[in-house]
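Heads up, final.txt below (compact mmCIF, C-alpha atoms):
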# COMPACT_ATOMS: atom_id res chain seq x y z
CA MET A 1 9.08 -49.52 89.23
CA GLU A 2 8.79 -46.22 87.43
CA THR A 3 10.22 -43.52 89.68
CA ARG A 4 10.45 -40.42 87.46
CA THR A 5 7.31 -38.29 87.33
CA PRO A 6 5.82 -38.20 83.83
CA LYS A 7 5.03 -34.82 82.28
CA ASN A 8 1.40 -33.71 82.34
CA VAL A 9 0.04 -34.05 78.80
CA PHE A 10 -3.43 -32.72 79.64
CA LYS A 11 -4.73 -29.23 79.04
CA GLN A 12 -8.07 -27.96 80.29
CA GLY A 13 -10.39 -27.28 77.32
CA ALA A 14 -9.58 -26.95 73.63
CA ILE A 15 -6.05 -26.60 72.25
CA SER A 16 -5.92 -23.22 70.49
CA SER A 17 -4.40 -22.55 67.08
CA GLY A 18 -2.29 -19.85 68.76
CA PHE A 19 -0.78 -22.42 71.11
CA ILE A 20 0.06 -24.63 68.11
CA GLY A 21 1.59 -21.69 66.21
CA ASP A 22 3.72 -20.82 69.26
CA SER A 23 4.91 -24.42 69.57
CA ILE A 24 6.04 -24.32 65.94
CA ALA A 25 7.81 -20.97 66.45
CA LYS A 26 9.78 -22.37 69.41
CA HIS A 27 11.46 -24.86 67.07
CA GLN A 28 13.16 -22.20 64.94
CA ALA A 29 16.15 -22.24 67.29
CA LYS A 30 16.63 -25.98 66.65
CA THR A 31 18.43 -25.71 63.32
CA SER A 32 19.24 -29.41 63.05
CA ILE A 33 15.54 -30.03 62.32
CA GLY A 34 14.56 -30.44 58.67
CA ALA A 35 11.02 -31.80 58.98
CA HIS A 36 8.07 -31.44 61.34
CA ASN A 37 4.92 -33.55 61.26
CA ILE A 38 1.85 -32.52 63.22
CA PHE A 39 -1.36 -34.43 63.92
CA LEU A 40 -4.43 -32.58 65.17
CA GLY A 41 -7.59 -34.28 66.36
CA GLN A 42 -10.65 -32.07 65.88
CA VAL A 43 -14.12 -32.66 67.35
CA ARG A 44 -16.59 -33.57 64.60
CA ALA A 45 -20.21 -32.43 64.60
CA ASP A 46 -21.35 -35.98 63.80
CA VAL A 47 -25.04 -36.64 63.24
CA ILE A 48 -26.09 -39.71 65.24
CA GLY A 49 -29.72 -40.82 65.15
CA GLY A 50 -30.76 -37.38 63.88
CA LYS A 51 -28.95 -35.52 66.68
CA ILE A 52 -25.84 -33.39 66.21
CA VAL A 53 -22.77 -33.68 68.43
CA SER A 54 -22.05 -30.19 69.77
CA ALA A 55 -19.06 -31.02 71.99
CA ILE A 56 -17.05 -33.82 73.55
CA GLU A 57 -16.37 -33.84 77.27
CA PHE A 58 -13.10 -35.63 77.98
CA THR A 59 -12.18 -37.35 81.23
CA ALA A 60 -9.13 -39.50 81.88
CA TYR A 61 -7.52 -41.77 84.42
CA GLU A 62 -4.90 -39.04 84.57
CA ALA A 63 -2.15 -40.77 86.56
CA MET A 64 -2.22 -43.86 84.34
CA ALA A 65 -2.69 -41.79 81.17
CA ASN A 66 0.33 -39.57 81.82
CA GLN A 67 2.39 -42.68 82.54
CA LYS A 68 1.21 -44.23 79.24
CA PHE A 69 1.96 -41.04 77.30
CA ASP A 70 5.43 -41.11 78.85
CA GLU A 71 5.96 -44.76 77.82
CA ILE A 72 4.75 -44.00 74.28
CA ARG A 73 7.10 -41.01 74.07
CA GLU A 74 10.13 -42.96 75.36
CA ALA A 75 9.44 -45.92 73.08
CA ALA A 76 9.09 -43.63 70.07
CA PHE A 77 12.43 -41.94 70.83
CA GLN A 78 13.99 -45.42 70.93
CA LYS A 79 12.33 -46.55 67.73
CA PHE A 80 12.68 -43.42 65.56
CA GLU A 81 15.49 -40.91 65.18
CA LEU A 82 13.59 -37.85 66.39
CA THR A 83 14.88 -34.49 67.57
CA CYS A 84 11.79 -33.72 69.61
CA MET A 85 8.24 -34.76 70.32
CA HIS A 86 5.32 -33.04 72.04
CA ILE A 87 1.89 -34.41 72.97
CA PHE A 88 -1.08 -32.47 74.33
CA HIS A 89 -4.59 -33.78 75.00
CA SER A 90 -7.65 -31.88 76.16
CA LEU A 91 -9.67 -32.56 79.28
CA GLY A 92 -13.16 -31.16 79.88
CA THR A 93 -15.39 -29.71 77.18
CA VAL A 94 -14.14 -29.26 73.61
CA LYS A 95 -16.71 -27.93 71.14
CA ALA A 96 -17.24 -29.21 67.59
CA GLY A 97 -14.57 -27.68 65.34
CA GLU A 98 -12.09 -27.29 68.20
CA ILE A 99 -8.88 -29.25 68.64
CA CYS A 100 -8.52 -31.90 71.36
CA LEU A 101 -5.27 -33.69 70.44
CA PHE A 102 -1.96 -32.20 69.28
CA VAL A 103 0.98 -34.48 68.47
CA PHE A 104 4.14 -32.86 67.12
CA VAL A 105 7.30 -34.70 65.99
CA SER A 106 10.48 -33.24 64.49
CA ALA A 107 13.57 -34.84 62.95
CA PRO A 108 16.58 -33.90 60.85
CA ARG A 109 15.13 -35.74 57.82
CA ARG A 110 11.59 -36.26 56.68
CA LYS A 111 11.28 -40.01 56.05
CA VAL A 112 11.15 -40.83 59.76
CA VAL A 113 8.49 -38.31 60.80
CA TYR A 114 5.62 -39.86 58.84
CA LYS A 115 6.00 -43.28 60.46
CA ALA A 116 6.75 -41.85 63.91
CA LEU A 117 3.67 -39.62 63.95
CA GLU A 118 1.28 -42.34 62.81
CA HIS A 119 2.74 -44.77 65.33
CA ILE A 120 2.38 -42.32 68.23
CA VAL A 121 -1.19 -41.32 67.37
CA GLU A 122 -2.30 -44.95 66.99
CA GLU A 123 -0.64 -45.86 70.31
CA ILE A 124 -2.46 -42.99 72.02
CA LYS A 125 -5.82 -44.04 70.59
CA ALA A 126 -5.32 -47.69 71.59
CA ASN A 127 -3.57 -47.48 74.95
CA VAL A 128 -4.28 -44.26 76.80
CA PRO A 129 -7.24 -44.26 79.22
CA VAL A 130 -9.10 -41.19 78.00
CA PHE A 131 -12.89 -41.20 77.69
CA GLY A 132 -14.94 -38.99 75.40
CA LYS A 133 -18.58 -38.20 76.11
CA GLU A 134 -20.34 -36.91 73.01
CA ILE A 135 -22.77 -34.18 74.01
CA PHE A 136 -25.69 -33.59 71.66
CA GLU A 137 -27.33 -30.24 71.06
CA ASP A 138 -30.32 -31.33 73.19
CA GLU A 139 -27.90 -32.05 76.08
CA THR A 140 -28.32 -35.82 75.93
CA HIS A 141 -25.09 -37.75 75.40
CA GLN A 142 -23.45 -40.98 74.35
CA TRP A 143 -19.98 -42.41 74.99
CA LYS A 144 -17.58 -42.02 72.09
CA LYS A 145 -16.05 -45.13 70.53
CA ASN A 146 -12.75 -44.97 68.64
CA MET B 1 -4.94 -29.09 27.40
CA GLU B 2 -5.20 -27.61 30.86
CA THR B 3 -7.31 -24.48 30.67
CA ARG B 4 -8.01 -23.59 34.32
CA THR B 5 -5.38 -21.41 35.96
CA PRO B 6 -3.68 -23.23 38.83
CA LYS B 7 -3.50 -21.52 42.25
CA ASN B 8 -0.21 -19.85 43.13
CA VAL B 9 1.46 -22.04 45.78
CA PHE B 10 4.49 -19.78 46.23
CA LYS B 11 5.04 -17.26 48.98
CA GLN B 12 7.94 -14.81 49.06
CA GLY B 13 10.29 -15.65 51.96
CA ALA B 14 9.72 -17.91 54.99
CA ILE B 15 6.30 -19.28 56.00
CA SER B 16 5.57 -17.86 59.46
CA SER B 17 4.22 -19.82 62.41
CA GLY B 18 1.47 -17.20 62.65
CA PHE B 19 0.35 -17.98 59.10
CA ILE B 20 0.24 -21.69 59.98
CA GLY B 21 -1.73 -21.00 63.17
CA ASP B 22 -4.23 -18.88 61.21
CA SER B 23 -4.63 -21.65 58.61
CA ILE B 24 -5.46 -24.09 61.39
CA ALA B 25 -7.94 -21.65 62.95
CA LYS B 26 -9.80 -21.27 59.64
CA HIS B 27 -10.73 -24.96 59.77
CA GLN B 28 -12.78 -24.67 62.95
CA ALA B 29 -15.86 -23.86 60.88
CA LYS B 30 -15.49 -27.16 58.99
CA THR B 31 -17.03 -29.42 61.58
CA SER B 32 -17.02 -32.55 59.43
CA ILE B 33 -13.23 -32.68 59.88
CA GLY B 34 -11.91 -35.07 62.54
CA ALA B 35 -8.19 -35.13 61.74
CA HIS B 36 -5.58 -32.75 60.35
CA ASN B 37 -2.06 -33.71 59.33
CA ILE B 38 0.56 -31.05 58.67
CA PHE B 39 4.04 -31.36 57.19
CA LEU B 40 6.54 -28.53 57.62
CA GLY B 41 9.91 -28.39 55.88
CA GLN B 42 12.43 -26.35 57.88
CA VAL B 43 15.83 -25.13 56.62
CA ARG B 44 18.65 -27.01 58.39
CA ALA B 45 21.94 -25.37 59.36
CA ASP B 46 23.85 -28.29 57.84
CA VAL B 47 27.61 -28.35 58.16
CA ILE B 48 29.15 -29.18 54.76
CA GLY B 49 32.93 -29.26 54.39
CA GLY B 50 33.31 -27.28 57.61
CA LYS B 51 30.93 -24.51 56.49
CA ILE B 52 27.48 -23.89 57.94
CA VAL B 53 24.36 -23.37 55.81
CA SER B 54 22.82 -20.07 56.89
CA ALA B 55 19.93 -19.95 54.41
CA ILE B 56 18.45 -21.49 51.30
CA GLU B 57 17.50 -19.31 48.35
CA PHE B 58 14.65 -20.91 46.42
CA THR B 59 13.88 -20.36 42.75
CA ALA B 60 11.33 -22.23 40.66
CA TYR B 61 10.03 -22.67 37.17
CA GLU B 62 6.88 -21.09 38.52
CA ALA B 63 4.44 -21.73 35.70
CA MET B 64 5.33 -25.43 35.51
CA ALA B 65 5.59 -25.77 39.30
CA ASN B 66 2.13 -24.33 39.94
CA GLN B 67 0.73 -26.66 37.28
CA LYS B 68 2.47 -29.64 38.96
CA PHE B 69 1.20 -28.62 42.41
CA ASP B 70 -2.27 -28.46 40.89
CA GLU B 71 -1.94 -31.94 39.36
CA ILE B 72 -0.65 -33.33 42.67
CA ARG B 73 -3.57 -31.74 44.52
CA GLU B 74 -6.20 -33.02 42.08
CA ALA B 75 -4.71 -36.54 42.03
CA ALA B 76 -4.63 -36.63 45.86
CA PHE B 77 -8.30 -35.60 46.06
CA GLN B 78 -9.09 -38.49 43.68
CA LYS B 79 -6.98 -40.99 45.59
CA PHE B 80 -7.83 -40.06 49.20
CA GLU B 81 -11.07 -39.03 50.86
CA LEU B 82 -9.97 -35.57 51.98
CA THR B 83 -12.03 -32.58 53.07
CA CYS B 84 -9.34 -30.07 52.21
CA MET B 85 -5.71 -29.63 51.28
CA HIS B 86 -3.37 -26.64 51.25
CA ILE B 87 0.18 -26.36 49.93
CA PHE B 88 2.56 -23.41 50.31
CA HIS B 89 6.20 -23.23 49.24
CA SER B 90 8.69 -20.42 49.78
CA LEU B 91 10.56 -18.53 47.06
CA GLY B 92 13.60 -16.35 47.76
CA THR B 93 15.67 -16.49 50.93
CA VAL B 94 14.65 -18.68 53.90
CA LYS B 95 17.04 -18.68 56.84
CA ALA B 96 18.10 -21.75 58.83
CA GLY B 97 15.36 -22.56 61.35
CA GLU B 98 12.64 -21.03 59.18
CA ILE B 99 9.89 -22.91 57.35
CA CYS B 100 9.91 -23.24 53.55
CA LEU B 101 7.20 -25.88 52.90
CA PHE B 102 3.74 -26.21 54.49
CA VAL B 103 1.43 -29.05 53.45
CA PHE B 104 -1.89 -29.35 55.29
CA VAL B 105 -4.48 -32.12 54.75
CA SER B 106 -7.77 -32.64 56.59
CA ALA B 107 -10.32 -35.46 56.56
CA PRO B 108 -13.30 -36.73 58.52
CA ARG B 109 -11.26 -39.70 59.84
CA ARG B 110 -7.61 -40.03 60.65
CA LYS B 111 -6.47 -43.17 58.81
CA VAL B 112 -6.44 -41.43 55.44
CA VAL B 113 -4.49 -38.32 56.41
CA TYR B 114 -1.17 -40.07 57.17
CA LYS B 115 -0.96 -41.71 53.75
CA ALA B 116 -2.25 -38.65 51.91
CA LEU B 117 0.27 -36.30 53.52
CA GLU B 118 3.27 -38.55 52.89
CA HIS B 119 2.16 -39.11 49.30
CA ILE B 120 1.76 -35.39 48.60
CA VAL B 121 5.10 -34.39 50.17
CA GLU B 122 6.98 -37.10 48.27
CA GLU B 123 5.30 -36.07 45.01
CA ILE B 124 6.32 -32.46 45.60
CA LYS B 125 9.94 -33.41 46.33
CA ALA B 126 10.14 -35.62 43.22
CA ASN B 127 8.14 -33.74 40.61
CA VAL B 128 8.00 -30.01 41.24
CA PRO B 129 10.71 -27.87 39.59
CA VAL B 130 11.95 -25.94 42.61
CA PHE B 131 15.66 -25.33 43.14
CA GLY B 132 17.36 -24.67 46.47
CA LYS B 133 20.68 -22.85 46.68
CA GLU B 134 22.34 -23.44 50.04
CA ILE B 135 24.06 -20.24 51.15
CA PHE B 136 26.95 -20.66 53.60
CA GLU B 137 27.89 -18.16 56.28
CA ASP B 138 30.85 -16.99 54.16
CA GLU B 139 28.41 -16.25 51.28
CA THR B 140 29.66 -19.07 49.07
CA HIS B 141 26.96 -21.53 48.01
CA GLN B 142 26.15 -24.97 46.68
CA TRP B 143 23.05 -26.40 45.02
CA LYS B 144 20.85 -28.44 47.33
CA LYS B 145 20.14 -32.08 46.48
CA ASN B 146 17.03 -33.84 47.80
CA MET C 1 -8.40 -55.80 102.75
CA ARG C 2 -9.70 -52.32 101.93
CA ILE C 3 -9.41 -51.64 98.23
CA PRO C 4 -9.68 -48.19 96.64
CA ILE C 5 -11.56 -48.38 93.32
CA LYS C 6 -11.94 -45.77 90.59
CA TYR C 7 -14.63 -45.70 87.92
CA PHE C 8 -14.51 -43.88 84.59
CA GLY C 9 -16.80 -42.86 81.74
CA LEU C 10 -19.82 -45.08 81.23
CA ILE C 11 -18.79 -47.24 84.19
CA ALA C 12 -18.89 -44.22 86.53
CA GLU C 13 -22.38 -43.49 85.20
CA ILE C 14 -23.48 -46.96 86.25
CA THR C 15 -21.85 -46.88 89.68
CA LYS C 16 -22.98 -43.28 90.18
CA CYS C 17 -19.64 -42.49 91.81
CA GLN C 18 -16.09 -41.92 90.60
CA GLU C 19 -14.35 -43.67 93.46
CA GLU C 20 -14.99 -45.64 96.58
CA THR C 21 -13.16 -47.96 98.97
CA ILE C 22 -14.46 -51.50 99.33
CA SER C 23 -13.79 -53.87 102.24
CA PHE C 24 -13.24 -57.26 100.82
CA SER C 25 -11.86 -60.68 101.82
CA GLY C 26 -10.91 -62.25 98.46
CA SER C 27 -7.46 -62.42 96.85
CA PHE C 28 -8.02 -62.06 93.10
CA ILE C 29 -9.39 -59.54 90.65
CA PHE C 30 -12.12 -61.95 89.54
CA GLU C 31 -13.37 -62.21 93.14
CA LEU C 32 -13.47 -58.42 93.43
CA LEU C 33 -15.41 -58.28 90.15
CA GLU C 34 -17.99 -60.75 91.48
CA THR C 35 -18.58 -58.44 94.41
CA LEU C 36 -18.87 -55.41 92.14
CA HIS C 37 -21.23 -57.22 89.79
CA SER C 38 -23.53 -57.97 92.74
CA LYS C 39 -23.40 -54.36 93.85
CA TYR C 40 -23.87 -52.95 90.32
CA PRO C 41 -25.74 -55.55 88.22
CA GLU C 42 -25.70 -53.26 85.17
CA LEU C 43 -21.90 -53.65 84.93
CA LYS C 44 -22.45 -57.08 83.35
CA ASN C 45 -23.75 -55.55 80.13
CA ASN C 46 -20.74 -53.35 79.59
CA GLY C 47 -17.20 -54.15 78.57
CA PHE C 48 -14.34 -52.77 80.63
CA GLN C 49 -10.70 -53.44 81.41
CA VAL C 50 -9.24 -53.53 84.90
CA ALA C 51 -6.11 -51.69 86.02
CA GLN C 52 -4.26 -52.27 89.30
CA ASP C 53 -1.75 -49.64 90.34
CA ARG C 54 -2.16 -47.96 86.90
CA ALA C 55 -1.38 -51.04 84.80
CA LEU C 56 -3.86 -53.30 83.02
CA VAL C 57 -4.31 -56.71 84.66
CA THR C 58 -6.19 -59.93 83.93
CA VAL C 59 -8.93 -61.32 86.17
CA GLU C 60 -6.49 -63.96 87.48
CA THR C 61 -4.18 -61.30 88.89
CA ARG C 62 -3.72 -61.27 92.67
CA LEU C 63 -4.92 -58.16 94.48
CA THR C 64 -2.13 -56.13 96.09
CA GLY C 65 -4.27 -53.60 97.94
CA GLU C 66 -3.25 -50.89 95.49
CA GLU C 67 -5.69 -48.78 93.53
CA ILE C 68 -8.03 -50.62 91.15
CA ALA C 69 -9.66 -48.87 88.16
CA LEU C 70 -12.52 -50.02 85.91
CA LEU C 71 -11.88 -48.64 82.44
CA PRO C 72 -14.46 -48.63 79.63
CA PRO C 73 -13.20 -48.57 76.00
CA PHE C 74 -10.64 -45.81 75.47
CA SER C 75 -11.79 -43.00 73.20
CA GLY C 76 -9.17 -40.27 73.36
CA GLY C 77 -8.19 -37.88 70.57
CA MET D 1 12.50 -21.55 14.19
CA ARG D 2 13.05 -19.16 17.12
CA ILE D 3 12.89 -21.03 20.39
CA PRO D 4 12.55 -19.40 23.83
CA ILE D 5 14.68 -21.22 26.41
CA LYS D 6 14.70 -20.89 30.21
CA TYR D 7 17.53 -21.91 32.52
CA PHE D 8 17.29 -22.64 36.23
CA GLY D 9 19.52 -23.16 39.26
CA LEU D 10 22.98 -24.51 38.50
CA ILE D 11 22.20 -24.50 34.76
CA ALA D 12 21.48 -20.74 34.85
CA GLU D 13 24.83 -20.29 36.61
CA ILE D 14 26.56 -22.01 33.69
CA THR D 15 24.66 -20.14 30.95
CA LYS D 16 24.96 -16.86 32.93
CA CYS D 17 21.42 -15.99 31.91
CA GLN D 18 17.93 -17.06 32.91
CA GLU D 19 16.37 -16.99 29.49
CA GLU D 20 17.20 -16.38 25.87
CA THR D 21 15.72 -17.00 22.43
CA ILE D 22 17.71 -19.17 20.02
CA SER D 23 17.32 -19.22 16.22
CA PHE D 24 17.62 -22.79 15.16
CA SER D 25 16.94 -24.99 12.13
CA GLY D 26 16.64 -28.52 13.70
CA SER D 27 13.42 -30.37 14.57
CA PHE D 28 14.18 -32.36 17.74
CA ILE D 29 15.16 -31.70 21.33
CA PHE D 30 18.42 -33.61 20.88
CA GLU D 31 19.40 -31.28 18.03
CA LEU D 32 18.70 -28.25 20.17
CA LEU D 33 20.80 -29.77 22.96
CA GLU D 34 23.74 -30.24 20.56
CA THR D 35 23.58 -26.52 19.78
CA LEU D 36 23.39 -25.64 23.47
CA HIS D 37 26.28 -27.96 24.36
CA SER D 38 28.43 -26.18 21.75
CA LYS D 39 27.44 -22.79 23.13
CA TYR D 40 27.87 -23.86 26.82
CA PRO D 41 30.43 -26.71 26.96
CA GLU D 42 30.14 -26.93 30.77
CA LEU D 43 26.54 -28.17 30.40
CA LYS D 44 27.90 -31.60 29.53
CA ASN D 45 29.12 -32.19 33.09
CA ASN D 46 25.74 -31.54 34.66
CA GLY D 47 22.56 -33.55 34.66
CA PHE D 48 19.31 -31.84 33.73
CA GLN D 49 15.85 -32.63 32.43
CA VAL D 50 14.19 -30.81 29.56
CA ALA D 51 10.66 -29.43 29.58
CA GLN D 52 8.74 -28.20 26.55
CA ASP D 53 5.65 -26.09 27.19
CA ARG D 54 5.95 -26.91 30.92
CA ALA D 55 6.00 -30.70 30.57
CA LEU D 56 9.03 -32.99 30.74
CA VAL D 57 10.05 -34.41 27.36
CA THR D 58 12.64 -36.87 26.06
CA VAL D 59 15.43 -35.94 23.65
CA GLU D 60 13.53 -37.62 20.80
CA THR D 61 10.59 -35.25 21.20
CA ARG D 62 9.84 -32.96 18.27
CA LEU D 63 10.21 -29.22 18.88
CA THR D 64 6.93 -27.30 18.70
CA GLY D 65 8.35 -23.79 19.01
CA GLU D 66 6.96 -23.50 22.54
CA GLU D 67 9.05 -22.63 25.58
CA ILE D 68 11.90 -25.02 26.44
CA ALA D 69 13.35 -25.21 29.97
CA LEU D 70 16.56 -26.85 31.20
CA LEU D 71 15.90 -28.12 34.72
CA PRO D 72 18.63 -29.33 37.10
CA PRO D 73 17.67 -31.82 39.86
CA PHE D 74 14.63 -30.65 41.80
CA SER D 75 15.31 -29.72 45.41
CA GLY D 76 12.18 -28.13 46.81
CA GLY D 77 10.92 -28.34 50.39

I need this file expressed as structure tokens, please.
Amino acid sequence: METRTPKNVFKQGAISSGFIGDSIAKHQAKTSIGAHNIFLGQVRADVIGGKIVSAIEFTAYEAMANQKFDEIREAAFQKFELTCMHIFHSLGTVKAGEICLFVFVSAPRRKVVYKALEHIVEEIKANVPVFGKEIFEDETHQWKKN
Amino acid sequence: METRTPKNVFKQGAISSGFIGDSIAKHQAKTSIGAHNIFLGQVRADVIGGKIVSAIEFTAYEAMANQKFDEIREAAFQKFELTCMHIFHSLGTVKAGEICLFVFVSAPRRKVVYKALEHIVEEIKANVPVFGKEIFEDETHQWKKN
Amino acid sequence: MRIPIKYFGLIAEITKCQEETISFSGSFIFELLETLHSKYPELKNNGFQVAQDRALVTVETRLTGEEIALLPPFSGG
Amino acid sequence: MRIPIKYFGLIAEITKCQEETISFSGSFIFELLETLHSKYPELKNNGFQVAQDRALVTVETRLTGEEIALLPPFSGG
């Protein structure tokens, strides 16, 4: 049984570029780091059946999702020699052009960060119970598929 | 013969987190983008023979380097379906903990950005005439090897 | 047994609620699903996975009384 | 032929200058390198690549009179 409480990965609304810049700045004190790799998921204004996606509204099974994020994080630290790792995912409405997923890995040397980042992002997409509702400009919607 | 003038990739001194945040923000208007991938090279305070690296001083064969960066960029646009790509490299002194390389790729879908980013960073490391002089705290130095 | 059930995404649209507690006499997930399919016939046309106590389970899993969740395809990021 | 030559990194430390123009009567890169090795004996102990007109060349390449550069191992990023 998992007893430790996983960190909360979710943030209400879009993830701002200022928040991302600040996260990068915080790593300047960690002078053993030689390479950072960052993935950002951005909401696309897809055209589906002639209608344009204006936003995605994210919901999640939060307790299970935070546990999954925690498992993904722990497994990645086991698998890859990383100095640190941060994951943030939006909940609620994120407009087209805004950022809804921010994954940030850092390591002494670069070779490991490429593989680690891809692995973590793919794990998130496949295994974390988050649900995106694509809202069209006419306020109809459809459920996003990854 | 190459007639177009390549963009200047070099920036004097460290690349600030604010600059990176602003670059991210500028992409919010490009609503066909679904995924960004960013690589950041950070100067490590390596300990070499008991002495600590306090900074790297970068020089480059600028004319050839900018031409190489341009070739790498054009080849990557041919090879990968990318919406945009930005490369910045520091010249001059960059202190331990500061960022000296910023590579930023964006695409409609995520699968392509991992491969594209790794490819571009490895090409830069292998083929661009930039030279790093590792400055120790006692002001002696050695030449960096990748 | 009283079983708390959570619904998400498209599934919550079909059930028109995000959670409820169901009184139920069976022992397995597949028996619970039969009950839910009767209550919400539209569920049959939609794929979902089932979690018990925040972990995915198969339909042959025995009910423990802990929270059940019906999860449509994940689409995070 | 007068040939402009640029030196970088460790190589510029050895030559104690970043660029110079050399008057020279040979036709090939390897001949130019012989001249430079005589002028800067310490060059022999250090690996470098040669560029002519901003493109890497081999020692068998013919000199065109355009800018030559002596490039130690690249270490950007």

Length of the CA of Thr83 (chain B) to CA of Ile87 (chain A) vector [Å]: 24.4 Å

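In this structure, CA of Pro73 (chain C) sits 22.8 Å away from CA of Val112 (chain B).
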
Neighbours of chain C in chain A at 7 Å, counting only C-alpha atoms, as JSON, numbers by chain: {"A": [41, 64, 100, 101, 125, 126, 128, 129, 130, 131, 132, 143, 144, 145, 146]}

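Taking CA of Lys133 (chain A) as the reference point, CA of Lys30 (chain B) is found at 20.6 Å.
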
Would you tabulate, counting all atoms listed in the file, all residues of chain A that have an atom at most 7 Å from an atom of chain B, showing the closest pair of atoms and their distance in Å to one decimal, sorted by chain then ascending number, as CSV?
residue,atom,partner,partner_atom,distance
A:Ser17,CA,B:Gly21,CA,5.0
A:Gly18,CA,B:Gly21,CA,5.7
A:Ile20,CA,B:Gly21,CA,6.4
A:Gly21,CA,B:Gly21,CA,4.6
A:Asp22,CA,B:Ser17,CA,6.9
A:Ile24,CA,B:Ser17,CA,6.0
A:Ala25,CA,B:Ser17,CA,5.5
A:Gln28,CA,B:Gly97,CA,4.2
A:Ala29,CA,B:Gly97,CA,6.0
A:Lys30,CA,B:Gly97,CA,6.4
A:Thr31,CA,B:Gly97,CA,4.8
A:Ser32,CA,B:Arg44,CA,5.3
A:Ile33,CA,B:Arg44,CA,5.9
A:Gly34,CA,B:Gln42,CA,4.7
A:Ala35,CA,B:Gly41,CA,4.7
A:His36,CA,B:Leu40,CA,5.0
A:Asn37,CA,B:Phe39,CA,4.7
A:Ile38,CA,B:Ile38,CA,5.0
A:Phe39,CA,B:Asn37,CA,4.7
A:Leu40,CA,B:His36,CA,5.0
A:Gly41,CA,B:Ala35,CA,4.7
A:Gln42,CA,B:Gly34,CA,4.7
A:Val43,CA,B:Gly34,CA,5.8
A:Arg44,CA,B:Thr31,CA,5.2
A:Ala45,CA,B:Thr31,CA,5.3
A:Ala96,CA,B:Thr31,CA,6.0
A:Gly97,CA,B:Gln28,CA,4.2
A:Glu98,CA,B:Gln28,CA,5.9
A:Tyr114,CA,B:Glu118,CA,6.5
A:Glu118,CA,B:Tyr114,CA,6.6

Surrounding residues of region 62-68 of chain D excluding itself and chain neighbours under 5 positions, 12 Å, only C-alpha atoms, as a PyMOL selection string: (chain B and resi 61+63-64) or (chain D and resi 1-8+18-33+36+49-57)

Distance query 10 Å from (-1.5, -37.7, 43.7) using only C-alpha atoms, result as a PyMOL selection string: chain B and resi 69-80+116+119-124

Fewer than 2 positions away in the same chain doesn't count, so skip those; otherwise give me all residues within 10 Å of Glu137 (chain A), counting only C-alpha atoms, as an mmCIF file with C-alpha atoms, in the coordinates of the input.
data_model
loop_
_atom_site.group_PDB
_atom_site.id
_atom_site.type_symbol
_atom_site.label_atom_id
_atom_site.label_comp_id
_atom_site.auth_asym_id
_atom_site.auth_seq_id
_atom_site.Cartn_x
_atom_site.Cartn_y
_atom_site.Cartn_z
ATOM 1 C CA ALA A 45 -20.210 -32.430 64.600
ATOM 2 C CA LYS A 51 -28.950 -35.520 66.680
ATOM 3 C CA ILE A 52 -25.840 -33.390 66.210
ATOM 4 C CA VAL A 53 -22.770 -33.680 68.430
ATOM 5 C CA SER A 54 -22.050 -30.190 69.770
ATOM 6 C CA ALA A 55 -19.060 -31.020 71.990
ATOM 7 C CA GLU A 134 -20.340 -36.910 73.010
ATOM 8 C CA ILE A 135 -22.770 -34.180 74.010
ATOM 9 C CA GLU A 139 -27.900 -32.050 76.080
ATOM 10 C CA THR A 140 -28.320 -35.820 75.930
ATOM 11 C CA HIS A 141 -25.090 -37.750 75.400
#

Within 9 Å of region 38-43 of chain C using only C-alpha atoms, minus same-chain residues under 3 positions, as a VMD selection string: chain C and resid 11 14 to 15 33 to 35 46 to 48
